[in-house]
file protein01.txt (compact mmCIF, C-alpha atoms)
# COMPACT_ATOMS: atom_id res chain seq x y z
CA MET A 51 -5.61 34.36 20.13
CA LEU A 52 -3.42 32.46 17.71
CA THR A 53 -1.03 29.89 19.05
CA GLY A 54 1.73 28.05 17.28
CA VAL A 55 5.34 27.06 16.90
CA VAL A 56 7.77 27.95 14.17
CA PHE A 57 10.12 25.30 12.86
CA LEU A 58 13.58 26.65 12.21
CA PHE A 59 15.12 23.72 10.34
CA LEU A 60 17.14 25.45 7.66
CA SER A 61 14.34 27.50 6.24
CA VAL A 62 12.79 29.00 9.34
CA TYR A 63 9.68 29.85 7.40
CA ILE A 64 8.24 26.41 8.21
CA LEU A 65 5.89 27.04 11.10
CA ILE A 66 3.81 25.25 13.59
CA ALA A 67 0.25 26.15 13.49
CA ALA A 68 -2.49 27.71 15.39
CA SER A 69 -5.52 26.45 17.18
CA SER A 70 -7.54 29.65 17.14
CA TRP A 71 -7.92 32.95 15.34
CA SER A 72 -7.22 36.39 16.75
CA GLY A 73 -10.33 38.18 17.96
CA THR A 74 -12.71 38.08 20.88
CA VAL A 75 -12.86 34.57 22.34
CA LYS A 76 -16.38 33.60 23.37
CA ASP A 77 -16.97 30.18 24.88
CA ASP A 78 -20.73 30.74 24.50
CA LEU A 79 -20.52 31.77 20.84
CA LEU A 80 -22.28 28.54 19.87
CA SER A 81 -25.22 26.84 21.49
CA GLU A 82 -24.77 23.45 23.14
CA ASP A 83 -26.64 21.84 20.25
CA GLU A 84 -24.38 23.55 17.69
CA VAL A 85 -21.25 22.42 19.53
CA ARG A 86 -22.57 18.87 19.77
CA ASP A 87 -23.46 18.77 16.06
CA ILE A 88 -20.10 20.20 15.00
CA GLU A 89 -18.12 17.84 17.20
CA LYS A 90 -20.07 14.84 15.91
CA PHE A 91 -19.57 15.86 12.28
CA VAL A 92 -15.86 16.57 12.73
CA GLY A 93 -15.42 13.38 14.75
CA ASP A 94 -16.94 11.35 11.91
CA VAL A 95 -14.58 13.02 9.41
CA MET A 96 -11.60 12.30 11.68
CA GLY A 97 -12.59 8.65 11.84
CA CYS A 98 -12.96 8.37 8.07
CA ALA A 99 -9.69 10.19 7.38
CA ASN A 100 -7.71 8.53 10.21
CA ILE A 101 -6.86 11.82 11.93
CA PRO A 102 -5.68 11.38 15.56
CA GLY A 103 -6.41 14.95 16.62
CA LEU A 104 -7.09 18.46 15.43
CA ALA A 105 -7.86 21.97 16.62
CA LEU A 106 -11.14 23.53 15.54
CA THR A 107 -12.02 27.22 15.42
CA VAL A 108 -15.36 28.73 14.44
CA ILE A 109 -15.36 32.41 13.48
CA ARG A 110 -18.64 34.31 13.70
CA GLY A 111 -18.25 38.02 13.07
CA ASP A 112 -15.42 39.29 15.26
CA ALA A 113 -15.77 36.48 17.79
CA THR A 114 -14.26 33.01 17.83
CA PHE A 115 -14.94 29.69 19.46
CA SER A 116 -12.08 27.20 19.75
CA THR A 117 -11.81 23.63 20.91
CA GLY A 118 -9.62 20.57 20.49
CA LEU A 119 -10.68 17.12 19.36
CA GLY A 120 -8.79 13.84 19.61
CA VAL A 121 -5.25 13.42 20.93
CA ALA A 122 -1.98 15.25 20.34
CA ASN A 123 0.15 12.28 21.43
CA MET A 124 -1.11 8.77 20.77
CA ALA A 125 1.40 7.19 23.14
CA THR A 126 0.39 9.26 26.17
CA GLY A 127 -3.18 10.02 25.15
CA HIS A 128 -2.58 13.74 25.77
CA PRO A 129 -5.66 15.50 24.34
CA VAL A 130 -5.69 18.35 21.86
CA ASP A 131 -6.84 21.60 23.47
CA LYS A 132 -6.97 25.28 22.55
CA LYS A 133 -3.28 25.73 23.33
CA THR A 134 -1.93 22.72 21.43
CA LEU A 135 0.83 23.64 18.98
CA PHE A 136 0.67 22.27 15.44
CA ASN A 137 3.14 22.24 12.58
CA LEU A 138 2.03 24.85 10.08
CA GLY A 139 4.42 23.57 7.42
CA SER A 140 4.58 25.30 4.06
CA THR A 141 1.55 27.45 4.81
CA SER A 142 4.10 29.68 6.49
CA LYS A 143 5.70 30.45 3.13
CA ALA A 144 3.25 33.37 3.02
CA PHE A 145 5.32 35.01 5.76
CA VAL A 146 8.29 35.43 3.41
CA PRO A 147 6.71 37.73 0.77
CA TYR A 148 4.78 39.52 3.52
CA VAL A 149 7.93 40.33 5.48
CA LEU A 150 9.78 41.31 2.30
CA ALA A 151 6.93 43.63 1.28
CA GLU A 152 7.05 45.28 4.71
CA ILE A 153 10.79 45.78 4.39
CA MET A 154 10.42 47.28 0.91
CA ASN A 155 7.88 49.78 2.24
CA GLY A 156 9.86 50.54 5.39
CA ARG A 157 12.81 52.60 6.49
CA GLU A 158 15.21 49.76 5.59
CA ASN A 159 14.42 50.54 1.95
CA HIS A 160 13.94 54.30 2.21
CA ASP A 161 15.66 54.88 -1.12
CA GLY A 162 13.52 52.31 -2.94
CA ARG A 163 16.60 50.35 -3.96
CA ILE A 164 15.00 46.93 -3.38
CA THR A 165 12.02 45.80 -5.47
CA TRP A 166 10.52 42.44 -6.45
CA ASN A 167 12.69 42.62 -9.57
CA SER A 168 15.92 43.18 -7.65
CA THR A 169 18.50 40.51 -8.43
CA LEU A 170 20.93 38.78 -6.11
CA ARG A 171 23.59 41.02 -7.64
CA ASP A 172 21.56 44.13 -6.74
CA ILE A 173 20.97 42.98 -3.18
CA LEU A 174 24.43 41.60 -2.41
CA ARG A 175 26.68 43.93 -4.41
CA HIS A 176 27.81 45.87 -1.33
CA ASP A 177 28.01 42.81 0.92
CA ARG A 178 31.66 42.06 1.60
CA ASP A 179 30.92 39.03 3.77
CA LEU A 180 29.25 36.92 1.10
CA GLU A 181 30.56 35.78 -2.26
CA LEU A 182 27.94 36.28 -4.96
CA PRO A 183 26.86 32.95 -6.53
CA LEU A 184 27.47 34.11 -10.10
CA THR A 185 25.35 31.41 -11.77
CA TRP A 186 22.33 32.83 -9.96
CA ALA A 187 23.36 36.51 -9.90
CA ASP A 188 20.47 37.60 -12.13
CA MET A 189 17.80 35.69 -10.19
CA THR A 190 15.24 38.13 -8.77
CA LEU A 191 13.30 38.08 -5.53
CA LYS A 192 10.22 37.36 -7.62
CA ASP A 193 11.93 34.32 -9.16
CA THR A 194 12.57 32.84 -5.71
CA LEU A 195 8.95 33.31 -4.62
CA VAL A 196 6.96 32.22 -7.69
CA PHE A 197 8.86 28.96 -8.21
CA LYS A 198 10.56 30.03 -11.44
CA SER A 199 14.09 29.06 -10.38
CA ALA A 200 13.86 25.44 -11.62
CA SER A 201 15.72 24.38 -8.48
CA SER A 202 13.38 21.76 -7.03
CA ALA A 203 16.15 19.14 -7.09
CA ALA A 204 17.91 21.07 -4.31
CA ASP A 205 14.99 20.35 -1.98
CA MET A 206 16.20 16.79 -1.49
CA ALA A 207 19.26 18.24 0.22
CA THR A 208 17.07 20.12 2.70
CA MET A 209 15.37 16.86 3.63
CA VAL A 210 18.23 14.37 3.80
CA GLY A 211 21.56 15.81 2.76
CA LEU A 212 22.39 18.86 4.88
CA PRO A 213 23.64 18.87 8.49
CA LEU A 214 21.09 20.21 10.96
CA ASN A 215 23.44 23.06 11.89
CA THR A 216 23.50 24.39 8.31
CA THR A 217 22.57 28.07 8.40
CA ARG A 218 20.44 30.05 6.00
CA GLU A 219 23.53 32.03 5.03
CA GLU A 220 25.34 28.80 4.17
CA MET A 221 22.42 27.73 1.98
CA LEU A 222 22.75 30.97 0.05
CA ARG A 223 26.49 30.37 -0.31
CA ARG A 224 25.87 26.85 -1.60
CA LEU A 225 23.87 28.17 -4.53
CA ARG A 226 27.20 28.33 -6.36
CA PHE A 227 27.15 24.51 -6.48
CA LEU A 228 23.61 24.31 -7.87
CA ARG A 229 23.43 23.98 -11.64
CA ARG A 230 20.91 26.22 -13.37
CA THR A 231 18.83 24.47 -16.01
CA PRO A 232 17.23 25.82 -19.21
CA GLU A 233 13.90 25.65 -17.38
CA PHE A 234 14.86 28.73 -15.35
CA ARG A 235 11.91 31.17 -15.65
CA ASN A 236 10.29 28.89 -18.25
CA SER A 237 8.44 26.51 -15.92
CA ASN A 238 7.28 26.18 -12.34
CA HIS A 239 9.25 24.08 -9.84
CA TYR A 240 8.22 24.01 -6.18
CA SER A 241 11.23 24.93 -4.07
CA ASN A 242 11.65 25.10 -0.30
CA TYR A 243 15.30 25.90 -0.88
CA MET A 244 14.62 29.17 -2.68
CA TYR A 245 12.15 30.29 -0.01
CA THR A 246 14.96 29.75 2.48
CA VAL A 247 17.18 31.94 0.31
CA ALA A 248 14.46 34.61 0.11
CA GLY A 249 14.04 34.56 3.89
CA HIS A 250 17.77 35.05 4.34
CA LEU A 251 17.76 37.93 1.85
CA ALA A 252 15.14 39.58 4.06
CA GLU A 253 17.59 39.23 6.95
CA ARG A 254 20.43 40.78 4.98
CA ILE A 255 18.35 43.67 3.63
CA SER A 256 16.89 44.55 7.03
CA GLY A 257 19.84 43.62 9.22
CA THR A 258 17.42 41.72 11.47
CA PRO A 259 17.38 37.95 12.19
CA TRP A 260 14.48 36.08 10.59
CA GLN A 261 13.09 34.94 13.94
CA ARG A 262 12.89 38.57 15.06
CA LEU A 263 11.26 39.64 11.79
CA VAL A 264 8.55 36.99 12.18
CA LYS A 265 7.95 37.73 15.85
CA THR A 266 7.64 41.50 15.52
CA ARG A 267 5.88 41.69 12.16
CA VAL A 268 3.61 38.64 12.40
CA PHE A 269 3.28 37.04 15.84
CA ASP A 270 3.07 40.20 17.93
CA ARG A 271 0.59 41.90 15.62
CA LEU A 272 -1.73 38.88 15.62
CA SER A 273 -1.44 38.29 19.38
CA MET A 274 0.22 34.94 18.71
CA ASN A 275 1.66 35.07 22.21
CA THR A 276 2.53 31.40 22.62
CA SER A 277 3.87 30.88 19.11
CA THR A 278 7.53 29.96 19.05
CA PHE A 279 10.27 28.42 16.95
CA ALA A 280 11.55 24.89 16.60
CA PRO A 281 13.49 22.93 17.53
CA GLU A 282 13.18 24.70 20.89
CA GLY A 283 9.39 24.75 20.70
CA MET A 284 9.19 21.00 20.22
CA ALA A 285 10.10 20.53 23.88
CA ALA A 286 6.75 21.98 24.96
CA ASP A 287 4.34 19.54 26.59
CA ASP A 288 1.40 20.52 24.40
CA VAL A 289 2.83 19.87 20.92
CA ALA A 290 0.88 17.72 18.47
CA LEU A 291 3.00 14.94 17.02
CA GLY A 292 2.77 13.98 13.37
CA TYR A 293 1.69 10.50 12.29
CA LYS A 294 1.54 8.53 9.08
CA PHE A 295 -1.29 6.03 8.63
CA HIS A 296 -0.46 2.61 7.16
CA THR A 297 -3.37 0.43 6.06
CA SER A 298 -1.05 -2.57 5.70
CA LYS A 299 0.07 -2.65 9.35
CA PRO A 300 -2.80 -3.86 11.55
CA GLY A 301 -2.22 -2.84 15.15
CA GLU A 302 0.56 -0.41 14.17
CA GLN A 303 -1.24 1.70 11.63
CA PHE A 304 -0.23 5.07 13.10
CA ILE A 305 3.52 5.60 12.80
CA GLU A 306 4.99 8.68 14.49
CA GLN A 307 6.93 10.89 12.10
CA ASN A 308 10.30 12.44 12.88
CA SER A 309 9.45 16.13 13.12
CA SER A 310 13.11 17.18 13.28
CA VAL A 311 13.47 16.87 9.49
CA PHE A 312 10.99 19.69 9.05
call {"tool": "encode", "arguments": {"input": "protein01.txt", "output": "structure tokens"}}
result
Amino acid sequence: MLTGVVFLFLSVYILIAASSWSGTVKDDLLSEDEVRDIEKFVGDVMGCANIPGLALTVIRGDATFSTGLGVANMATGHPVDKKTLFNLGSTSKAFVPYVLAEIMNGRENHDGRITWNSTLRDILRHDRDLELPLTWADMTLKDTLVFKSASSAADMATMVGLPLNTTREEMLRRLRFLRRTPEFRNSNHYSNYMYTVAGHLAERISGTPWQRLVKTRVFDRLSMNTSTFAPEGMAADDVALGYKFHTSKPGEQFIEQNSSVF
């Protein structure tokens, strides 16, 4: 059973990760010698790479074996276990095209109006609640997902410049302030901002909040029963904290990171 937490800061597609895979859980999937060898090998890697804790899952056929190694919280010494929640980060970007593809093939798009080549103008033309950002009116769903928007500079705003209560709708509105460069569609620029926009477009096309889309179309189908969203999920006792390792600070080498910015 997958477990995890979803971070909702602005983008909502940034997730917290899982400690095990869906399938039949078998504690005796591995022999005692295999478990001992795996834990020793992984422990050595953790020591070399300065990793405080991790969740480990072994998949053999349709069965899984899961365990936790190290600690989730270095201050309290709380250990990592099979239920520990981890930040999935940008791996969760895969949820955005998946959910959009489901919507395109579902009743919300029964007339086939929305495709990967649909532009903001196509999607928002009947939306009376949102002013179309004209500079980006011809940007397609595909452009937002394959990093062809040349908008990576906007990502700094998602990290340091936007209030925490900024909504996904507001981020779409603020596109009108973002200058489009000649690199549009001519080069690749990684962009969290545009994935946030794409996630919100999924909300507007389907009429369903993003959290609900993820829960019903991803979590529920994969039996991710303890997966949840942040910041609410960060209050759980069994959440792994993030740390940065500094070689130049003896005695204080592990510095806890502020997870709220994600």
call {"tool": "closest_residue", "arguments": {"input": "protein01.txt", "among": "A:Leu150, A:Ile101, A:Leu106, A:Val268", "to": "Asn123 of chain A", "atoms": "all atoms listed in the file"}}
result
A:Ile101
call {"tool": "closest_atom_pairs", "arguments": {"input": "protein01.txt", "of": "segment 177-274 of chain A", "to": "segment 157-166 of chain A", "cutoff": "6 Å", "atoms": "all atoms listed in the file", "output": "CSV"}}
result
residue,atom,partner,partner_atom,distance
A:Leu191,CA,A:Trp166,CA,5.3
A:Lys192,CA,A:Trp166,CA,5.2
A:Ser256,CA,A:Glu158,CA,5.7
call {"tool": "write_last_selection", "arguments": {"input": "protein01.txt", "atoms": "C-alpha atoms", "output": "PDB file, keeping the file's coordinate frame"}}
result
ATOM      1  CA  LEU A 191      13.300  38.080  -5.530  1.00  0.00           C
ATOM      2  CA  LYS A 192      10.220  37.360  -7.620  1.00  0.00           C
ATOM      3  CA  SER A 256      16.890  44.550   7.030  1.00  0.00           C
TER       4      SER A 256
END
call {"tool": "atom_distance", "arguments": {"input": "protein01.txt", "atom1": "atom CA of Val85 of chain A", "atom2": "atom CA of Val108 of chain A"}}
result
10.0 Å
call {"tool": "closest_atom_pairs", "arguments": {"input": "protein01.txt", "of": "segment 116-201 of chain A", "to": "segment 232-237 of chain A", "cutoff": "9 Å", "atoms": "only C-alpha atoms", "output": "CSV"}}
result
residue,atom,partner,partner_atom,distance
A:Asp193,CA,A:Arg235,CA,7.2
A:Phe197,CA,A:Ser237,CA,8.1
A:Lys198,CA,A:Arg235,CA,4.6
A:Ser199,CA,A:Phe234,CA,5.0
A:Ala200,CA,A:Phe234,CA,5.1
A:Ser201,CA,A:Phe234,CA,8.2
call {"tool": "residues_near_point", "arguments": {"input": "protein01.txt", "point": "(5.9, 38.7, 12.4)", "cutoff": "12 Å", "atoms": "all atoms listed in the file", "output": "PyMOL selection string"}}
result
chain A and resi 56+63+65+142+144-150+152-153+258-275+277-278
call {"tool": "closest_residue", "arguments": {"input": "protein01.txt", "among": "A:Asp87, A:Glu220, A:Glu181, A:Asp78", "to": "His250 of chain A", "atoms": "all atoms listed in the file"}}
result
A:Glu220
call {"tool": "atom_distance", "arguments": {"input": "protein01.txt", "atom1": "atom CA of Ser140 of chain A", "atom2": "atom CA of Leu212 of chain A"}}
result
19.0 Å
call {"tool": "atom_distance", "arguments": {"input": "protein01.txt", "atom1": "atom CA of Lys132 of chain A", "atom2": "atom CA of Phe91 of chain A"}}
result
18.8 Å
call {"tool": "closest_residue", "arguments": {"input": "protein01.txt", "among": "A:Val196, A:Leu104, A:Val289, A:Phe115", "to": "Asn238 of chain A", "atoms": "all atoms listed in the file"}}
result
A:Val196
call {"tool": "closest_residue", "arguments": {"input": "protein01.txt", "among": "A:Pro102, A:Trp186, A:Phe136, A:Thr107", "to": "Ala290 of chain A", "atoms": "all atoms listed in the file"}}
result
A:Phe136
call {"tool": "axis_aligned_box", "arguments": {"input": "protein01.txt", "around": "segment 148-151 of chain A", "padding_each_side": "5 Å", "output": "JSON"}}
result
{"center_x": 7.3, "center_y": 41.6, "center_z": 3.4, "size_x": 15.0, "size_y": 14.1, "size_z": 14.2}
call {"tool": "residues_near_point", "arguments": {"input": "protein01.txt", "point": "(17.7, 40.6, -7.9)", "cutoff": "7 Å", "atoms": "only C-alpha atoms", "output": "JSON, numbers by chain"}}
result
{"A": [167, 168, 169, 170, 171, 172, 173, 188, 189, 190, 191]}
